[in-house]
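Pasted below: start38.txt, compact mmCIF, C-alpha atoms.
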```txt
# COMPACT_ATOMS: atom_id res chain seq x y z
CA MET X 261 20.87 65.12 184.26
CA SER X 262 24.12 65.04 186.17
CA ALA X 263 24.74 61.34 185.71
CA PRO X 264 27.62 61.21 183.26
CA LEU X 265 27.48 57.44 182.90
CA PRO X 266 24.67 56.05 180.75
CA LEU X 267 22.98 54.61 183.84
CA ALA X 268 20.13 56.89 184.60
CA GLU X 269 18.85 60.41 184.64
CA SER X 270 19.37 62.15 187.95
CA SER X 271 16.63 61.93 190.56
CA SER X 272 15.61 58.51 189.30
CA ALA X 273 15.96 55.64 191.74
CA PRO X 274 18.95 54.01 189.96
CA ALA X 275 20.81 57.33 189.93
CA MET X 276 20.16 57.74 193.65
CA LEU X 277 21.47 54.22 194.29
CA VAL X 278 24.60 54.96 192.28
CA ALA X 279 25.08 58.20 194.22
CA LEU X 280 24.56 56.40 197.53
CA SER X 281 27.08 53.69 196.71
CA ILE X 282 29.67 56.23 195.53
CA GLY X 283 29.10 58.17 198.74
CA LEU X 284 29.51 55.08 200.90
CA ALA X 285 32.70 54.14 199.07
CA PHE X 286 34.03 57.69 199.52
CA GLY X 287 33.27 57.63 203.24
CA TRP X 288 34.81 54.21 203.64
CA CYS X 289 38.01 55.34 201.91
CA LEU X 290 38.20 58.46 204.08
CA GLU X 291 37.76 56.36 207.22
CA ARG X 292 40.33 53.77 206.12
CA SER X 293 42.78 56.57 205.37
CA GLY X 294 42.40 57.67 208.96
CA LEU X 295 40.91 61.03 208.06
CA GLY X 296 38.03 60.61 210.53
CA SER X 297 40.46 61.79 213.20
CA ALA X 298 41.07 65.50 213.63
CA ARG X 299 44.65 64.62 214.69
CA LYS X 300 45.43 63.75 211.07
CA LEU X 301 44.55 67.24 209.94
CA MET X 302 46.49 68.79 212.81
CA GLY X 303 49.48 66.73 211.68
CA GLN X 304 48.99 68.25 208.27
CA PHE X 305 49.28 71.79 209.63
CA GLN X 306 52.25 70.86 211.84
CA LEU X 307 53.93 69.09 208.90
CA THR X 308 54.35 65.89 210.92
CA ASP X 309 51.80 63.82 209.01
CA LEU X 310 50.92 64.75 205.45
CA THR X 311 48.35 61.96 204.96
CA VAL X 312 45.60 64.46 204.13
CA PHE X 313 47.62 66.02 201.35
CA LYS X 314 48.57 62.63 199.96
CA VAL X 315 45.06 61.16 200.12
CA MET X 316 43.45 64.21 198.55
CA PHE X 317 45.99 64.55 195.77
CA THR X 318 45.79 60.82 195.06
CA ALA X 319 42.02 61.17 194.76
CA ILE X 320 42.38 64.14 192.43
CA VAL X 321 44.88 62.40 190.17
CA THR X 322 42.88 59.15 190.12
CA ALA X 323 39.62 60.90 189.29
CA MET X 324 41.30 63.13 186.70
CA LEU X 325 43.01 60.27 184.87
CA GLY X 326 39.85 58.18 185.10
CA LEU X 327 37.60 60.88 183.70
CA PHE X 328 40.03 61.78 180.95
CA TRP X 329 40.56 58.25 179.69
CA LEU X 330 36.97 57.04 180.15
CA SER X 331 35.83 60.04 178.14
CA TRP X 332 38.53 59.45 175.55
CA LEU X 333 37.37 55.84 175.19
CA GLY X 334 33.79 57.03 174.80
CA VAL X 335 32.56 55.33 178.00
CA LEU X 336 31.68 58.58 179.70
CA ASP X 337 30.36 61.88 178.40
CA LEU X 338 32.56 64.61 179.88
CA ASP X 339 30.03 67.22 178.76
CA ARG X 340 27.59 65.88 181.29
CA VAL X 341 29.96 65.96 184.23
CA TYR X 342 28.82 68.99 186.15
CA LEU X 343 31.38 71.78 186.03
CA PRO X 344 30.65 74.22 188.86
CA GLU X 345 30.60 77.79 187.69
CA THR X 346 33.32 80.15 188.87
CA PHE X 347 32.46 83.33 190.76
CA LEU X 348 35.95 84.56 191.53
CA VAL X 349 35.74 86.89 194.54
CA PRO X 350 32.84 85.23 196.42
CA GLN X 351 34.48 81.83 196.00
CA LEU X 352 37.83 83.15 197.25
CA ALA X 353 36.01 84.56 200.29
CA GLY X 354 34.20 81.26 200.76
CA GLY X 355 37.50 79.41 200.51
CA VAL X 356 39.02 81.52 203.28
CA ILE X 357 36.03 80.87 205.56
CA PHE X 358 36.06 77.18 204.68
CA GLY X 359 39.80 76.92 205.35
CA ALA X 360 39.50 78.69 208.69
CA GLY X 361 36.69 76.34 209.70
CA MET X 362 38.69 73.34 208.59
CA ALA X 363 41.73 74.39 210.61
CA LEU X 364 39.55 75.10 213.67
CA ALA X 365 37.61 71.86 213.46
CA GLY X 366 40.35 69.62 212.16
CA LEU X 367 37.70 68.19 209.86
CA CYS X 368 36.14 69.01 206.52
CA PRO X 369 32.50 68.23 205.56
CA GLY X 370 33.31 64.74 204.32
CA THR X 371 35.56 63.74 207.18
CA SER X 372 33.22 65.29 209.77
CA CYS X 373 30.49 62.86 208.62
CA VAL X 374 32.98 60.00 208.86
CA ALA X 375 34.02 61.17 212.34
CA ALA X 376 30.36 61.49 213.38
CA VAL X 377 29.34 58.00 212.31
CA THR X 378 32.35 56.51 214.05
CA GLY X 379 31.03 58.07 217.26
CA ARG X 380 33.44 60.96 217.70
CA VAL X 381 31.83 63.84 219.58
CA ASP X 382 33.88 66.45 217.72
CA GLY X 383 32.61 65.01 214.45
CA LEU X 384 28.99 65.31 215.62
CA THR X 385 29.64 68.88 216.72
CA VAL X 386 31.13 69.83 213.38
CA VAL X 387 28.24 68.22 211.49
CA ALA X 388 25.78 70.17 213.65
CA GLY X 389 27.71 73.40 213.00
CA PHE X 390 27.81 72.54 209.35
CA PHE X 391 24.02 72.30 209.13
CA ILE X 392 23.54 75.48 211.12
CA GLY X 393 25.92 77.19 208.69
CA VAL X 394 24.06 75.84 205.66
CA LEU X 395 20.76 77.00 207.12
CA GLY X 396 22.18 80.40 208.04
CA SER X 397 23.69 81.07 204.65
CA GLY X 398 20.47 79.89 203.02
CA VAL X 399 18.52 82.42 205.06
CA LEU X 400 21.05 85.19 204.35
CA LEU X 401 21.44 84.35 200.67
CA PRO X 402 18.86 86.83 199.30
CA SER X 403 20.59 89.72 201.08
CA MET X 404 24.01 88.82 199.71
CA GLN X 405 22.93 87.72 196.27
CA ARG X 406 24.73 90.61 194.57
CA PHE X 407 28.04 89.56 196.10
CA TYR X 408 27.28 85.87 195.61
CA LEU X 409 26.89 86.32 191.87
CA SER X 410 29.68 88.88 191.36
CA THR X 411 32.78 88.34 189.16
CA PRO X 412 31.23 85.45 187.24
CA ARG X 413 33.55 83.50 184.95
CA GLY X 414 31.19 80.72 183.83
CA GLY X 415 32.49 77.17 183.64
CA TYR X 416 36.17 77.98 183.93
CA THR X 417 38.95 75.40 183.74
CA LEU X 418 42.75 75.46 183.86
CA ALA X 419 42.74 74.47 180.19
CA THR X 420 40.81 77.62 179.23
CA LEU X 421 42.90 79.77 181.58
CA PHE X 422 46.20 78.71 180.04
CA GLY X 423 44.84 78.02 176.57
CA VAL X 424 46.30 74.51 176.41
CA PRO X 425 44.64 71.16 175.62
CA GLN X 426 43.04 69.34 178.56
CA GLY X 427 45.53 66.47 178.20
CA VAL X 428 48.42 68.82 178.90
CA VAL X 429 46.71 70.04 182.08
CA VAL X 430 46.19 66.40 183.11
CA ALA X 431 49.91 65.64 182.64
CA ALA X 432 50.96 68.80 184.49
CA ILE X 433 48.70 68.13 187.50
CA ALA X 434 49.90 64.53 187.71
CA ALA X 435 53.52 65.73 187.61
CA ILE X 436 52.85 68.30 190.35
CA ALA X 437 51.14 65.63 192.46
CA LEU X 438 53.98 63.12 192.13
CA ALA X 439 56.58 65.78 192.93
CA GLY X 440 54.38 66.76 195.88
CA PHE X 441 54.30 63.18 197.17
CA VAL X 442 58.10 62.93 197.06
CA ALA X 443 58.43 66.29 198.83
CA ALA X 444 55.81 65.27 201.42
CA GLU X 445 57.72 62.10 202.31
CA ARG X 446 60.92 64.14 202.72
CA VAL X 447 59.17 66.66 204.98
CA GLU X 448 57.71 63.87 207.13
CA ARG X 449 61.11 62.19 207.51
CA TRP X 450 62.76 65.53 208.32
CA ARG X 451 60.13 66.30 211.00
CA ALA X 452 60.49 62.77 212.43
CA THR X 453 64.26 63.04 212.79
CA ARG X 454 63.95 66.48 214.32
CA ALA X 455 61.36 65.20 216.81
CA ALA X 456 63.74 62.36 217.67
CA GLU X 457 66.60 64.82 218.24
CA VAL X 458 64.45 66.98 220.51
CA THR X 459 63.35 64.06 222.67
CA SER X 460 66.77 62.41 222.91
CA MET D 152 48.46 46.09 199.07
CA ASN D 153 50.62 48.78 200.62
CA GLY D 154 54.06 47.42 199.81
CA PRO D 155 56.51 49.91 198.33
CA MET D 156 56.55 47.79 195.18
CA GLN D 157 52.81 48.19 194.58
CA LEU D 158 53.00 51.90 195.33
CA ARG D 159 55.75 52.30 192.77
CA MET D 160 53.72 50.35 190.24
CA LEU D 161 50.69 52.58 190.81
CA ALA D 162 52.81 55.70 190.50
CA ALA D 163 54.33 54.37 187.27
CA VAL D 164 50.86 53.67 185.84
CA ALA D 165 49.79 57.20 186.75
CA VAL D 166 52.87 58.66 185.09
CA VAL D 167 52.31 56.69 181.89
CA LEU D 168 48.60 57.58 181.73
CA ALA D 169 49.39 61.24 182.42
CA LEU D 170 52.09 61.43 179.75
CA LEU D 171 49.84 59.74 177.20
CA ALA D 172 47.05 62.17 178.11
CA ALA D 173 49.26 65.07 177.05
CA VAL D 174 49.41 63.75 173.51
CA ALA D 175 46.04 62.00 173.32
CA GLY D 176 44.19 65.02 172.02
CA SER D 177 40.75 66.09 173.16
CA PRO D 178 39.06 63.73 175.57
CA ASN D 179 35.74 64.78 174.19
CA ARG D 180 35.27 64.36 170.48
CA ALA D 181 31.73 65.65 170.57
CA THR D 182 32.83 69.04 171.89
CA SER D 183 35.67 69.53 169.45
CA ARG D 184 33.38 68.64 166.61
CA SER D 185 30.74 71.15 167.58
CA THR D 186 33.18 74.02 168.05
CA SER D 187 35.16 73.44 164.88
CA ALA D 188 32.13 73.11 162.65
CA ALA D 189 30.58 76.44 163.50
CA SER D 190 28.56 76.53 160.35
CA LEU D 191 24.84 76.68 159.97
CA ASP D 192 23.44 73.28 159.17
CA ALA D 193 20.05 74.56 158.07
CA ALA D 194 18.55 71.15 157.40
CA SER D 195 19.25 69.76 160.86
CA LEU D 196 18.09 72.96 162.55
CA ALA D 197 14.86 72.77 160.57
CA ARG D 198 14.38 69.20 161.76
CA GLU D 199 14.88 70.25 165.39
CA ILE D 200 12.34 73.02 165.01
CA GLU D 201 9.88 70.66 163.38
CA HIS D 202 10.28 68.14 166.19
CA GLU D 203 9.86 70.94 168.72
CA GLU D 204 13.25 70.21 170.25
CA ASP D 205 14.11 73.89 170.14
CA HIS D 206 12.11 75.16 173.10
CA VAL D 207 11.03 74.48 176.65
CA THR D 208 7.70 75.33 178.16
CA ALA D 209 7.47 77.62 181.17
CA ARG D 210 6.65 74.68 183.44
CA GLU D 211 9.58 72.65 182.16
CA LEU D 212 11.88 75.59 182.80
CA ALA D 213 10.43 76.01 186.29
CA GLU D 214 11.09 72.34 187.01
CA TRP D 215 14.67 72.73 185.77
CA ILE D 216 15.35 75.76 187.94
CA ARG D 217 13.82 74.15 191.01
CA ALA D 218 15.79 70.93 190.44
CA ASP D 219 18.97 73.00 190.03
CA LYS D 220 19.68 71.34 186.69
CA PRO D 221 23.46 71.16 186.29
CA GLY D 222 24.94 73.71 183.92
CA LEU D 223 21.63 75.51 183.47
CA ARG D 224 21.91 79.20 182.61
CA VAL D 225 18.80 81.23 182.04
CA LEU D 226 19.45 84.27 179.87
CA ASP D 227 17.11 87.24 179.81
CA ILE D 228 17.58 89.10 176.52
CA ARG D 229 15.16 91.95 177.26
CA SER D 230 16.31 95.45 178.22
CA ASP D 231 17.96 96.33 181.52
CA SER D 232 14.91 98.18 182.80
CA GLU D 233 12.59 95.30 181.98
CA PHE D 234 15.02 92.94 183.69
CA ALA D 235 15.04 95.18 186.76
CA THR D 236 11.24 95.22 186.90
CA TYR D 237 10.97 91.46 186.94
CA HIS D 238 12.96 88.50 185.76
CA ILE D 239 12.74 84.76 186.16
CA PRO D 240 14.63 83.79 189.33
CA SER D 241 18.27 82.79 188.60
CA ALA D 242 18.17 84.48 185.18
CA GLU D 243 21.08 86.63 183.98
CA ARG D 244 20.55 89.66 181.79
CA MET D 245 22.40 89.46 178.49
CA SER D 246 21.92 91.56 175.38
CA LEU D 247 21.30 89.91 172.02
CA PRO D 248 24.75 90.88 170.61
CA GLU D 249 26.41 89.48 173.76
CA VAL D 250 24.45 86.26 173.39
CA ALA D 251 25.38 85.96 169.73
CA SER D 252 29.10 86.35 170.45
CA ARG D 253 29.21 83.72 173.21
CA ALA D 254 31.47 80.75 172.58
CA PRO D 255 29.98 77.39 173.50
CA ALA D 256 31.07 76.04 176.89
CA ALA D 257 31.06 72.37 177.79
CA GLY D 258 28.29 71.15 180.04
CA GLU D 259 26.20 74.26 179.66
CA THR D 260 22.47 74.31 178.99
CA LEU D 261 21.22 77.71 177.87
CA VAL D 262 17.61 78.81 178.05
CA LEU D 263 16.79 82.14 176.43
CA TYR D 264 13.70 84.16 176.97
CA SER D 265 12.27 87.49 175.90
CA GLU D 266 8.92 89.16 176.46
CA GLY D 267 6.98 87.09 173.97
CA GLY D 268 9.34 84.66 172.39
CA ALA D 269 10.33 85.96 168.98
CA HIS D 270 13.69 87.47 169.99
CA ALA D 271 14.63 84.42 172.00
CA ALA D 272 13.76 82.15 169.09
CA GLN D 273 15.97 84.22 166.79
CA ALA D 274 18.79 84.06 169.31
CA TRP D 275 18.30 80.29 169.44
CA VAL D 276 19.13 80.07 165.72
CA LEU D 277 22.24 82.24 166.19
CA LEU D 278 23.52 80.10 169.05
CA ARG D 279 22.83 76.79 167.34
CA ALA D 280 24.68 78.10 164.32
CA ARG D 281 27.66 78.92 166.54
CA GLY D 282 27.79 75.33 167.72
CA HIS D 283 25.97 75.52 171.05
CA GLU D 284 24.47 72.09 171.59
CA HIS D 285 22.11 72.51 174.50
CA VAL D 286 20.18 75.68 173.92
CA TYR D 287 16.47 76.27 174.17
CA PHE D 288 14.13 79.21 174.18
CA LEU D 289 11.19 79.68 176.47
CA ARG D 290 8.05 79.18 174.41
CA GLY D 291 5.72 82.11 174.86
CA GLY D 292 8.44 84.02 176.70
CA LEU D 293 7.89 85.79 179.97
CA LEU D 294 4.17 86.05 179.21
CA ASP D 295 3.83 82.27 179.35
CA TRP D 296 5.94 82.19 182.50
CA MET D 297 3.51 84.62 184.15
CA GLU D 298 0.52 82.68 182.90
CA ASP D 299 1.68 79.11 183.55
CA VAL D 300 4.02 79.41 186.52
CA MET D 301 3.34 82.61 188.42
CA ASN D 302 -0.42 82.61 188.10
CA PRO D 303 -1.44 79.22 186.76
CA ILE D 304 -4.87 77.67 186.67
CA VAL D 305 -4.35 74.28 188.26
CA SER D 306 -6.74 71.39 188.26
CA GLY D 307 -6.81 67.62 188.09
CA ASP D 308 -4.25 65.14 189.36
CA SER D 309 -1.23 67.39 188.94
CA ALA D 310 -2.81 70.37 190.72
CA ALA D 311 -0.87 69.90 193.94
CA HIS D 312 2.41 69.50 192.06
CA PHE D 313 1.98 72.60 189.91
CA SER D 314 0.69 74.63 192.85
CA ALA D 315 3.82 73.76 194.80
CA LEU D 316 5.96 74.59 191.77
CA SER D 317 4.24 77.93 191.38
CA ARG D 318 4.55 78.84 195.05
CA TYR D 319 8.24 77.90 194.94
CA PHE D 320 8.67 80.90 192.65
CA GLY D 321 6.38 83.08 194.73
CA GLY D 322 3.46 82.53 192.39
CA VAL D 323 -0.25 82.44 193.15
CA PRO D 324 -1.97 79.37 191.72
CA ARG D 325 -5.69 79.58 190.95
CA ALA D 326 -8.39 76.96 190.71
CA PRO D 327 -10.46 76.93 187.51
CA SER D 328 -13.03 79.73 187.70
CA GLY D 329 -15.97 77.44 187.07
CA ALA D 330 -14.82 74.98 189.72
CA PRO D 331 -17.31 73.88 192.34
CA GLY D 332 -16.78 75.33 195.77
CA ALA D 333 -15.14 78.47 194.33
CA THR D 334 -11.43 78.12 195.07
CA PRO D 335 -10.66 77.89 198.79
CA MET D 336 -8.94 74.66 197.71
CA LEU D 337 -5.68 76.59 197.30
CA PRO D 338 -5.17 79.23 199.94
CA ALA D 339 -3.46 81.99 198.04
CA PRO D 340 -0.79 83.93 199.91
CA SER D 341 -1.51 87.64 200.04
CA PRO D 342 0.37 89.45 197.28
CA ARG D 343 2.80 90.96 199.73
CA ASP D 344 6.14 89.91 198.30
CA ALA D 345 8.10 91.47 195.50
CA ALA D 346 7.47 88.67 193.04
CA ALA D 347 3.72 88.94 193.31
CA SER D 348 3.69 92.69 192.82
CA ALA D 349 6.08 92.36 189.90
CA VAL D 350 3.67 89.88 188.38
CA ALA D 351 0.88 92.37 188.85
CA ARG D 352 2.98 95.10 187.20
CA VAL D 353 3.84 93.01 184.18
CA ARG D 354 0.25 91.88 183.83
CA ARG D 355 -0.95 95.48 183.94
CA ARG D 356 1.42 96.35 181.13
CA GLY D 357 -1.05 94.61 178.92
CA CYS D 358 -0.34 91.03 178.32
```
What's the structure tokens form of this structure?
Amino acid sequence: MSAPLPLAESSSAPAMLVALSIGLAFGWCLERSGLGSARKLMGQFQLTDLTVFKVMFTAIVTAMLGLFWLSWLGVLDLDRVYLPETFLVPQLAGGVIFGAGMALAGLCPGTSCVAAVTGRVDGLTVVAGFFIGVLGSGVLLPSMQRFYLSTPRGGYTLATLFGVPQGVVVAAIAAIALAGFVAAERVERWRATRAAEVTS
Amino acid sequence: MNGPMQLRMLAAVAVVLALLAAVAGSPNRATSRSTSAASLDAASLAREIEHEEDHVTARELAEWIRADKPGLRVLDIRSDSEFATYHIPSAERMSLPEVASRAPAAGETLVLYSEGGAHAAQAWVLLRARGHEHVYFLRGGLLDWMEDVMNPIVSGDSAAHFSALSRYFGGVPRAPSGAPGATPMLPAPSPRDAAASAVARVRRRGC
């Protein structure tokens, strides 16, 4: 039921094929962007290489504009795009753990798979840790169910939070992203000149 | 493909699309229609009821929960104490007034259940009248859930499937009582876990 395009119901073979091809395309784009290397993410934290920020924000803006306009044109049913429910505190806690893991590993779930299939040992290690973590939290889930389901907000979006139309949120996010890209380029150039000064 | 010219072009396209989005109105006409027209269209509701599009069966609901159907929310409209005794896994407790005052949310599929089914069916009408699109009630309520999911009689081609479905929820499937070979076909787990004892409790209450 998650297939928003009128292709197929989920769990049918066509839907699985669509999912597989989207996944392959996603992985290919990550690899081509160079995100299979943990050095890229380290560059992000050291402000020398903001590729991760730029790639991710580009993806967000592309997907957002695509969804908005495809839905507006009636090609896609936005109601059937799965909106994950918000559980405020547990998700904040999860975000902190996720961020710590990402900084430690230099990879996130998607890029760790890309790193693994390109034969990087650190990628394989992270994927292994990832599955152990999934298994562990699955086993522990019953005991932390109270926390897991606390502070529920339902399907919560920026548009509901600010009480503005979705189109306005789309425009605002795109503006933030473009300003972010300009700032990111400046930061990279500033770090590059500083590095040059230090070495010379 | 990576020249500065192309990048500028792409950025310009993004800016134009984003600015137009701000004034394009709702991307989803279906949603805005259903929320603005929060009036009771009795004729269309009657048609839905007649075509039995208003409810799910216990097994359908079980399949939905197991498949993690996107946007699915199972609402238990019985009392707190009944909810504490036993509830369908993943269900949230919500009182009838709370249910009735809920605004529709995009992408949500609501399934309501009560002990038998009458209260949930009434709540279904309230929610449909408020513009909720995807709302169902559990036919036969929790009693059907106990009968058809937690302690089902399984036979025929789909026996293995429904047994697995039942055990997924901690249920104890049974073979038909008159079946040849008297039941060791489905080794029933001992009723040690909470779900099984809760089933026993609810059954004792006289359903």
As lines of an AutoDock Vina configuration file, please report the centre and edge lengths, rounded to one decimal in Å, of the axis-aligned box that holds all listed atoms of segment 391-394 of chain X with 5 Å of padding on each of the six sides.
```
center_x = 24.7
center_y = 74.7
center_z = 208.4
size_x = 12.4
size_y = 14.9
size_z = 15.5
```
Please determine the contact residues of chain X with respect to chain D at a cut-off of 6 Å, counting all atoms listed in the file, and supply them as a PDB file with C-alpha atoms, in the coordinates of the input.
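File produced: iface.pdb:
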```pdb
ATOM      1  CA  PHE X 328      40.030  61.780 180.950  1.00  0.00           C
ATOM      2  CA  SER X 331      35.830  60.040 178.140  1.00  0.00           C
ATOM      3  CA  TRP X 332      38.530  59.450 175.550  1.00  0.00           C
ATOM      4  CA  ASP X 339      30.030  67.220 178.760  1.00  0.00           C
ATOM      5  CA  ARG X 340      27.590  65.880 181.290  1.00  0.00           C
ATOM      6  CA  TYR X 342      28.820  68.990 186.150  1.00  0.00           C
ATOM      7  CA  GLY X 427      45.530  66.470 178.200  1.00  0.00           C
ATOM      8  CA  VAL X 428      48.420  68.820 178.900  1.00  0.00           C
ATOM      9  CA  ALA X 431      49.910  65.640 182.640  1.00  0.00           C
TER      10      ALA X 431
END
```
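With distances restricted to all atoms listed in the file, X:Gly366 is the closest residue to Asp382 of chain X from X:Gly366, X:Gly396, X:Leu352, X:Leu338.
Computed from the coordinates, the atom CA of Ala323 of chain X to atom CA of Val424 of chain X distance equals 19.9 Å.
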Practice task
Pick out the residues sitting within 8 Å of Ser306 of chain D, and hand them over as a VMD selection string; count all atoms listed in the file, and ignore anything fewer than 2 positions along from it in its own chain.
Solution key: chain D and resid 304 308 to 310 326 to 327
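You will find atom CA of Ala360 of chain X at 26.6 Å from atom CA of Ala452 of chain X.
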Exercise for the section: For Leu212 of chain D, please output as a ChimeraX atom specification all residues within 12 Å (counting only C-alpha atoms; exclusion window: fewer than 3 positions along the same chain). Expected result: /D:206-209,215-220,223-226,239-242,260-264,287-293,295-296,299-300,316-317,320
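Closest to Arg446 of chain X among X:Leu307, X:Leu400, X:Val321, X:Met276 is X:Leu307, based on all atoms listed in the file.
Counting from atom CA of Ala271 of chain D, the distance to atom CA of Pro344 of chain X is 25.4 Å.
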Problem - Thr318 of chain X surroundings by all atoms listed in the file, 12 Å radius, close-in-sequence under 6 positions cut, as a list in words - result: Cys289, Ser293, Thr311, Val312, Met324, Leu325, Gly326, Ile433, Ala434, Ala435, Ile436, Ala437, Leu438, Gly440 and Phe441 of chain X; Leu158, Leu161, Ala162 and Ala165 of chain D
Restricting the output to C-alpha atoms, write the selected residues as a PDB file, in the frame of the given file.
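Written out: again-v4.pdb:
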```pdb
ATOM      1  CA  CYS X 289      38.010  55.340 201.910  1.00  0.00           C
ATOM      2  CA  SER X 293      42.780  56.570 205.370  1.00  0.00           C
ATOM      3  CA  THR X 311      48.350  61.960 204.960  1.00  0.00           C
ATOM      4  CA  VAL X 312      45.600  64.460 204.130  1.00  0.00           C
ATOM      5  CA  MET X 324      41.300  63.130 186.700  1.00  0.00           C
ATOM      6  CA  LEU X 325      43.010  60.270 184.870  1.00  0.00           C
ATOM      7  CA  GLY X 326      39.850  58.180 185.100  1.00  0.00           C
ATOM      8  CA  ILE X 433      48.700  68.130 187.500  1.00  0.00           C
ATOM      9  CA  ALA X 434      49.900  64.530 187.710  1.00  0.00           C
ATOM     10  CA  ALA X 435      53.520  65.730 187.610  1.00  0.00           C
ATOM     11  CA  ILE X 436      52.850  68.300 190.350  1.00  0.00           C
ATOM     12  CA  ALA X 437      51.140  65.630 192.460  1.00  0.00           C
ATOM     13  CA  LEU X 438      53.980  63.120 192.130  1.00  0.00           C
ATOM     14  CA  GLY X 440      54.380  66.760 195.880  1.00  0.00           C
ATOM     15  CA  PHE X 441      54.300  63.180 197.170  1.00  0.00           C
TER      16      PHE X 441
ATOM     17  CA  LEU D 158      53.000  51.900 195.330  1.00  0.00           C
ATOM     18  CA  LEU D 161      50.690  52.580 190.810  1.00  0.00           C
ATOM     19  CA  ALA D 162      52.810  55.700 190.500  1.00  0.00           C
ATOM     20  CA  ALA D 165      49.790  57.200 186.750  1.00  0.00           C
TER      21      ALA D 165
END
```
Practice task
Write out as number ranges by chain which residues come within 9 Å of segment 194-205 of chain D when counting all atoms listed in the file, dropping same-chain ones fewer than 4 positions away.
Solution key: D: 272, 275-276, 279-280, 286-288
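With all atoms listed in the file as the atoms that count, the minimum distance from Phe317 of chain X to the choices X:Glu448, X:Ala439, X:Ala388, X:Gly393 is reached by X:Ala439.
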Handout entry: Selection near Val386 of chain X, 10 Å with all atoms listed in the file, sequence-local residues under 6 positions removed, as a list in words
Key = Gly361, Met362, Leu364, Ala365, Gly366, Leu367, Cys368, Pro369, Thr371, Ser372, Cys373, Ala375, Ala376 and Ile392 of chain X
